[in-house]
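Trainee: The following block contains the structure, expressed as structure tokens.
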Amino acid sequence: MASGPAPIEDASAIPDALIDRLSQARRIVVFTGAGVSAESGIATFRDRNTGLWERFDAHELATPSAFVREPALVWGWYEWRRAAIARAQPNPAHRAIAQLANSVAEVCVVTQNVDNLHERAGSKQVVHLHGNLAQARCIRCGRAHKHAVQAPDEPENGRAVEPPRCRHCNSLVRPGVVWFGESLPEDAWQLAADMAASCDVLLSVGTSALVYPAASLPRSAAARGAMVIQVNPMATDMDRLAHFNLRGAAGVMLPAVVANLENRVRGAA
Ligand code: BJW
Ligand code: ZN
């Protein structure tokens with residue numbers, strides 16, 4: 001794995017230079033992945049043993065052709081995940097990210113997650129790059145479809161559930177997520193790319209940064225002079241790019257960063 005600046009493992013030793021830059025920033029982008037929701041009990045994708053793609057085949061569940069082949073298998077699996085998300089609560093990392101906005105002029109959360117835990121924690125500007133499980137839509141006419149969670153507590157890995165039909169054109173309703181090989185929602189992508197290109201600091205939290213084009217955002221921020229701060233308990237390919245690697249759980253590191261920042265801003269007032 002790539003090396004980079006020496007990782008910081010102690011949340012009580014957040015460097016002054018990192019807080020300096022945050023306190024002077026006009027715009028911060030917080031780029032998040034599945035790891036930010038891990039402490040809420042939502043599985044990540046690629047963590048060894050527990051990651052979804054370690055236990056399930058992405059080709060059979062997260063591609064448009066999988067849905068055409070086996071719509072009930074795919075729909076049931078996503079309903080199982082939607083039920084888990086409905087039961088989950090935002091964790092200290094989501095809350096710290098929402099709290100950042102009290103100390104900085106503009107904070108834009110760009111998330112790859114399909115849960116709504118940032119919004120539920122109080123973040124106001126949240127861009128969803130890979131969709132949102134709460135926004136199912138018709139495969140033909142694209143109209144939104146609202147429905148109650150269908151697989152509230154069983155089984156461990158979901159069961160086949162027939163997807164609902166669109167009320168307008170009777171076609172199948174699909175999960176509101178971005179599968180492999182599909183384009184990202186145009187507006188969300190444009191906004192995220194603009195934000196990353198114009199921010200002063202990009203915080204990359206809980207992502208392996210392996211999935212493109214999302215993973216290009218920290219790189220484009222760094223290329224335009226932004227400071228990149230990574231929060232992740234594991235080394236990733238981004239270690240070399242990041243100016244600071246906070247090597248720990250987001251729910252521990254981010255509250256420490258925000259507490260330091262609030263002290264600095266209060267001290268300066
Ligand atoms: C913690 C923690 C704690 C744990 N605290 N941290 C360029 C190069 C190579 C490939 C491509 C390329 N461009 C496009 C591609 C193809 C593909 C791709 O990137 N493939 C790569 C995997 C090789 N990309 C696409 O297909 C994208 N579309 C596209 O490019 O469209 C153009 C196009 C059109 C037509 C044809 C071809 C191209 C779409 C990608 C969609 C990704 N979809 C998924 C599923 C979404 C729906 C669902 O939820 O089921 O999105 S895949 C999955 O990965 C999900 C995630 O959003 C995404 C990223 O994962 P993430 O969030 O980083 O999770 P993990 O598990 O990987 O990492 C978690 C991290 O957290 C770990 O590092 C842990 O250590 C850490 N952690 N506990 C902090 N407590
Ligand atoms: Zn329809």
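How things are named: the first chain in the structure tokens is A, the next is B, and so on; residues count from 1 in each chain; ligands count from 1 in the order shown.
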Got a sec to check which residues lie within 7 Å of ligand 2, using only C-alpha atoms and all ligand atoms, and send them as a PyMOL selection string?

Mentor: chain A and resi 138-143+166-171

Trainee: Would you mind listing the residues within 6 Å of ligand 1, counting only C-alpha atoms and all ligand atoms, as a count of residues only?

Mentor: 37

Trainee: Determine which residues of range 34-240 of chain A receive a DSSP assignment of strand (DSSP E), computed from the backbone, and state them as a count of residues only.

Mentor: 26

Trainee: Going by DSSP on the backbone, which residues of range 67-206 of chain A come out as helix (DSSP H, G or I)? List them as JSON, numbers by chain.

Mentor: {"A": [67, 68, 69, 71, 72, 73, 74, 75, 76, 77, 78, 79, 80, 81, 82, 83, 84, 85, 86, 87, 92, 93, 94, 95, 96, 97, 98, 99, 100, 117, 118, 119, 120, 121, 186, 187, 188, 189, 190, 191, 192, 193, 194, 195, 196, 197, 198]}

Trainee: One decimal, in Å: what's the spacing between CA of Val161 in chain A and CA of Leu73 in chain A?

Mentor: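 Straight-line distance from CA of Val161 in chain A to CA of Leu73 in chain A works out to 6.6 Å.
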
Trainee: Measuring atom to atom with only C-alpha atoms, identify which of A:Ser65, A:Ser103, A:Ser216, A:Gln230 is nearest to Leu22 in chain A.

Mentor: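 Checking each candidate against Leu22 in chain A, we get A:Ser103 as the closest.
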
Trainee: Which residue gives the smallest distance to Val104 in chain A among A:Arg224, A:His128, A:Arg219, A:Arg21, with only C-alpha atoms counted?

Mentor: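 Closest residue, counting only C-alpha atoms: A:Arg21.
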
Trainee: For His94 in chain A, work out the shell of residues within 8 Å, counting only C-alpha atoms and skipping chain neighbours fewer than 4 positions away, then give it as a short mmCIF file (atom, residue, chain, number, x, y, z; two decimals) with all heavy atoms, in the first residue's frame.

Mentor:
data_model
loop_
_atom_site.label_atom_id
_atom_site.label_comp_id
_atom_site.auth_asym_id
_atom_site.auth_seq_id
_atom_site.Cartn_x
_atom_site.Cartn_y
_atom_site.Cartn_z
N VAL A 36 -18.01 6.00 6.99
CA VAL A 36 -18.56 7.00 7.90
C VAL A 36 -19.83 6.47 8.57
O VAL A 36 -20.21 6.92 9.66
CB VAL A 36 -18.82 8.35 7.17
CG1 VAL A 36 -20.09 8.32 6.35
CG2 VAL A 36 -18.89 9.51 8.16
N SER A 37 -20.48 5.50 7.94
CA SER A 37 -21.70 4.92 8.52
C SER A 37 -21.43 3.59 9.23
O SER A 37 -22.36 2.98 9.77
CB SER A 37 -22.75 4.72 7.42
OG SER A 37 -23.15 5.96 6.87
N PRO A 90 -27.65 8.15 13.14
CA PRO A 90 -26.38 8.84 12.86
C PRO A 90 -25.42 8.64 14.03
O PRO A 90 -25.86 8.52 15.18
CB PRO A 90 -26.80 10.32 12.75
CG PRO A 90 -28.27 10.32 12.52
CD PRO A 90 -28.81 9.06 13.13
N ALA A 98 -21.80 17.55 10.61
CA ALA A 98 -22.87 18.56 10.60
C ALA A 98 -22.44 19.78 11.42
O ALA A 98 -22.72 20.93 11.04
CB ALA A 98 -24.15 17.96 11.16
N LEU A 117 -28.01 9.33 6.48
CA LEU A 117 -27.58 9.62 7.85
C LEU A 117 -26.94 11.00 7.98
O LEU A 117 -27.01 11.61 9.06
CB LEU A 117 -26.65 8.51 8.35
CG LEU A 117 -27.36 7.15 8.52
CD1 LEU A 117 -26.37 6.04 8.86
CD2 LEU A 117 -28.44 7.22 9.61
N HIS A 118 -26.34 11.52 6.92
CA HIS A 118 -25.83 12.91 7.00
C HIS A 118 -26.97 13.89 7.21
O HIS A 118 -26.89 14.78 8.05
CB HIS A 118 -25.07 13.28 5.72
CG HIS A 118 -23.72 12.66 5.61
ND1 HIS A 118 -22.73 12.85 6.55
CD2 HIS A 118 -23.17 11.86 4.66
CE1 HIS A 118 -21.63 12.20 6.19
NE2 HIS A 118 -21.87 11.59 5.04
N ALA A 121 -28.37 13.72 10.61
CA ALA A 121 -27.49 14.33 11.62
C ALA A 121 -27.52 15.85 11.57
O ALA A 121 -26.96 16.51 12.44
CB ALA A 121 -26.05 13.83 11.43
N GLY A 251 -15.65 8.18 13.94
CA GLY A 251 -16.42 8.59 15.12
C GLY A 251 -15.55 9.02 16.28
O GLY A 251 -16.05 9.59 17.25
#
